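Have a look at data_31.txt below; it lists compact mmCIF, C-alpha atoms.
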```txt
# COMPACT_ATOMS: atom_id res chain seq x y z
CA MET B 1 8.64 10.35 12.91
CA GLY B 2 7.14 7.33 11.10
CA LYS B 3 3.34 7.43 11.19
CA ARG B 4 1.87 4.14 12.43
CA LEU B 5 -1.01 2.84 10.34
CA LEU B 6 -1.35 -0.45 12.22
CA LYS B 7 -4.81 -1.12 13.63
CA SER B 8 -5.59 -3.23 16.68
CA LYS B 9 -6.97 -6.20 14.71
CA TYR B 10 -7.11 -7.39 11.10
CA LYS B 11 -8.99 -10.03 9.14
CA ALA B 12 -6.38 -12.20 7.43
CA PHE B 13 -7.16 -14.56 4.56
CA GLU B 14 -5.18 -17.32 2.91
CA ILE B 15 -6.50 -18.46 -0.47
CA ARG B 16 -5.26 -21.81 -1.82
CA ASP B 17 -7.00 -23.13 -4.92
CA ASP B 18 -10.67 -23.12 -3.88
CA ASP B 19 -9.96 -23.17 -0.16
CA VAL B 20 -10.20 -19.88 1.74
CA SER B 21 -9.26 -19.67 5.39
CA GLN B 22 -9.81 -16.61 7.55
CA ILE B 23 -8.38 -15.69 10.93
CA LEU B 24 -8.33 -12.60 13.10
CA VAL B 25 -4.81 -11.30 13.77
CA GLU B 26 -3.58 -8.70 16.22
CA GLY B 27 -2.20 -5.51 14.73
CA ASN B 28 1.37 -6.10 15.75
CA LEU B 29 4.52 -7.30 14.04
CA PRO B 30 4.73 -10.83 15.55
CA ALA B 31 1.05 -11.62 14.83
CA ILE B 32 1.17 -10.40 11.23
CA ALA B 33 4.50 -12.16 10.60
CA GLY B 34 3.21 -15.33 12.23
CA PHE B 35 0.20 -15.41 9.93
CA ILE B 36 2.37 -14.89 6.84
CA THR B 37 4.92 -17.56 7.77
CA GLY B 38 2.12 -20.01 8.47
CA CYS B 39 0.71 -19.67 4.94
CA HIS B 40 1.58 -22.11 2.19
CA LYS B 41 4.05 -20.95 -0.44
CA GLY B 42 1.64 -20.94 -3.38
CA SER B 43 -1.20 -19.17 -1.63
CA ILE B 44 -2.63 -15.68 -1.97
CA ILE B 45 -2.41 -13.65 1.24
CA THR B 46 -4.69 -10.72 2.07
CA ILE B 47 -4.96 -8.75 5.28
CA HIS B 48 -7.82 -6.28 5.72
CA THR B 49 -8.97 -3.91 8.45
CA LEU B 50 -12.16 -4.88 10.24
CA GLU B 51 -13.89 -2.29 8.04
CA GLY B 52 -12.77 -4.23 4.94
CA GLU B 53 -10.03 -1.88 3.74
CA PRO B 54 -6.99 -3.74 2.34
CA PHE B 55 -3.83 -3.43 4.44
CA LEU B 56 -1.56 -6.00 2.79
CA LEU B 57 -1.91 -8.10 -0.36
CA GLY B 58 0.56 -10.74 -1.39
CA LEU B 59 1.11 -13.75 -3.60
CA SER B 60 3.41 -16.63 -2.68
CA LYS B 61 4.81 -14.52 0.16
CA MET B 62 5.79 -11.72 -2.25
CA PHE B 63 4.09 -8.51 -1.16
CA LEU B 64 2.24 -6.67 -3.89
CA TYR B 65 0.69 -3.90 -1.80
CA CYS B 66 0.93 -2.60 1.74
CA GLU B 67 -0.95 0.40 3.12
CA ASP B 68 1.98 1.18 5.45
CA LYS B 69 5.04 0.97 3.19
CA ALA B 70 7.43 2.06 5.94
CA PHE B 71 6.17 -0.76 8.18
CA LEU B 72 6.61 -3.24 5.33
CA ASP B 73 10.10 -2.12 4.32
CA LYS B 74 11.61 -1.30 7.72
CA GLU B 75 9.93 -3.79 10.03
CA LEU B 76 7.95 -6.64 8.46
CA ILE B 77 10.31 -7.74 5.66
CA PRO B 78 13.46 -7.63 7.86
CA TYR B 79 11.57 -9.51 10.61
CA LEU B 80 10.40 -12.20 8.17
CA ARG B 81 13.92 -12.57 6.77
CA GLY B 82 15.20 -13.12 10.30
CA MET B 83 12.51 -15.76 10.91
CA ASP B 84 13.53 -17.69 7.77
CA GLY B 85 16.86 -18.46 9.37
CA ALA B 86 19.79 -16.16 9.89
CA GLY B 87 22.12 -18.48 7.99
CA ALA B 88 20.02 -18.60 4.82
```
Would you give me this structure, written as structure tokens?
Amino acid sequence: MGKRLLKSKYKAFEIRDDDVSQILVEGNLPAIAGFITGCHKGSIITIHTLEGEPFLLGLSKMFLYCEDKAFLDKELIPYLRGMDGAGA
């Protein structure tokens, strides 16, 4: 029933102070989560479609906007919580 908005690839950016890094990530849960967990805590995170449309915007690993709210709430956030350590 949930409509999938995930694309095949995204441009992901991590912005720390004046340093901007960009990588291409696959449009799947492990790739998106892997990018986010690899970012530094104080950085700004943005993920865009290849056409430049924003998919996910975040600050210090707190998500401010996601184009696919169901994916964020039901899949990505629970997956990231599990990656942080089940005992935490």
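Considering all atoms listed in the file, the residue among B:Lys74, B:Lys9, B:Arg81, B:Lys69 positioned nearest to Ala31 in chain B is B:Lys9.
You can rank B:Lys11, B:Gly27, B:Ile77, B:Asp17 by their closest distance to Phe63 in chain B using only C-alpha atoms, and at the top of that list sits B:Ile77.
The space between CA of Thr46 in chain B and CA of Gln22 in chain B spans 9.5 Å.
Between CA of Asp84 in chain B and CA of Thr49 in chain B lies a distance of 26.4 Å.
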In Å to one decimal, how far is CA of Glu67 in chain B from CA of Gly34 in chain B? 18.6 Å
So, counting all atoms listed in the file, which residue among B:Leu57, B:Ile15, B:Asn28, B:Leu64 is closest to Gly42 in chain B? B:Ile15
Leaving out Lys41 in chain B and any residue of its chain fewer than 5 positions from it, which residues lie within 9 Å of it when counting all atoms listed in the file, given as a list of chain:residue names? B:Leu59, B:Ser60, B:Lys61
What's around Phe71 in chain B at 12 Å? Count all atoms listed in the file, leave out sequence neighbours fewer than 6 positions away in its own chain, and write the answer as an mmCIF file with C-alpha atoms, keeping the file's coordinate frame.
```cif
data_model
loop_
_atom_site.group_PDB
_atom_site.id
_atom_site.type_symbol
_atom_site.label_atom_id
_atom_site.label_comp_id
_atom_site.auth_asym_id
_atom_site.auth_seq_id
_atom_site.Cartn_x
_atom_site.Cartn_y
_atom_site.Cartn_z
ATOM 1 C CA GLY B 2 7.140 7.330 11.100
ATOM 2 C CA LYS B 3 3.340 7.430 11.190
ATOM 3 C CA ARG B 4 1.870 4.140 12.430
ATOM 4 C CA LEU B 5 -1.010 2.840 10.340
ATOM 5 C CA LEU B 6 -1.350 -0.450 12.220
ATOM 6 C CA GLY B 27 -2.200 -5.510 14.730
ATOM 7 C CA ASN B 28 1.370 -6.100 15.750
ATOM 8 C CA LEU B 29 4.520 -7.300 14.040
ATOM 9 C CA ILE B 32 1.170 -10.400 11.230
ATOM 10 C CA ALA B 33 4.500 -12.160 10.600
ATOM 11 C CA PHE B 55 -3.830 -3.430 4.440
ATOM 12 C CA LEU B 56 -1.560 -6.000 2.790
ATOM 13 C CA TYR B 65 0.690 -3.900 -1.800
ATOM 14 C CA ILE B 77 10.310 -7.740 5.660
ATOM 15 C CA PRO B 78 13.460 -7.630 7.860
ATOM 16 C CA TYR B 79 11.570 -9.510 10.610
#
```
The residue from B:Glu26, B:Asp19, B:Asp73, B:Asp68 with the smallest atom-to-atom distance to Leu50 in chain B, counting all atoms listed in the file, is B:Glu26
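Residue nearest Leu80 in chain B within the list B:Val20, B:Ala12, B:Ile45, B:Ile36: B:Ile36 [criterion: smallest interatomic distance, all atoms listed in the file].
When all atoms listed in the file are used to compute distances to Phe35 in chain B, the closest of the residues B:Cys66, B:Leu76, B:Asp18, B:Glu51 turns out to be B:Leu76.
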Taking all listed atoms of range 37-56 of chain B, build the axis-aligned box, pad each of the six sides by 3 Å, then write its centre and edge lengths in Å to one decimal as lines of an AutoDock Vina configuration file.
```
center_x = -4.5
center_y = -12.0
center_z = 3.4
size_x = 24.8
size_y = 26.2
size_z = 19.6
```
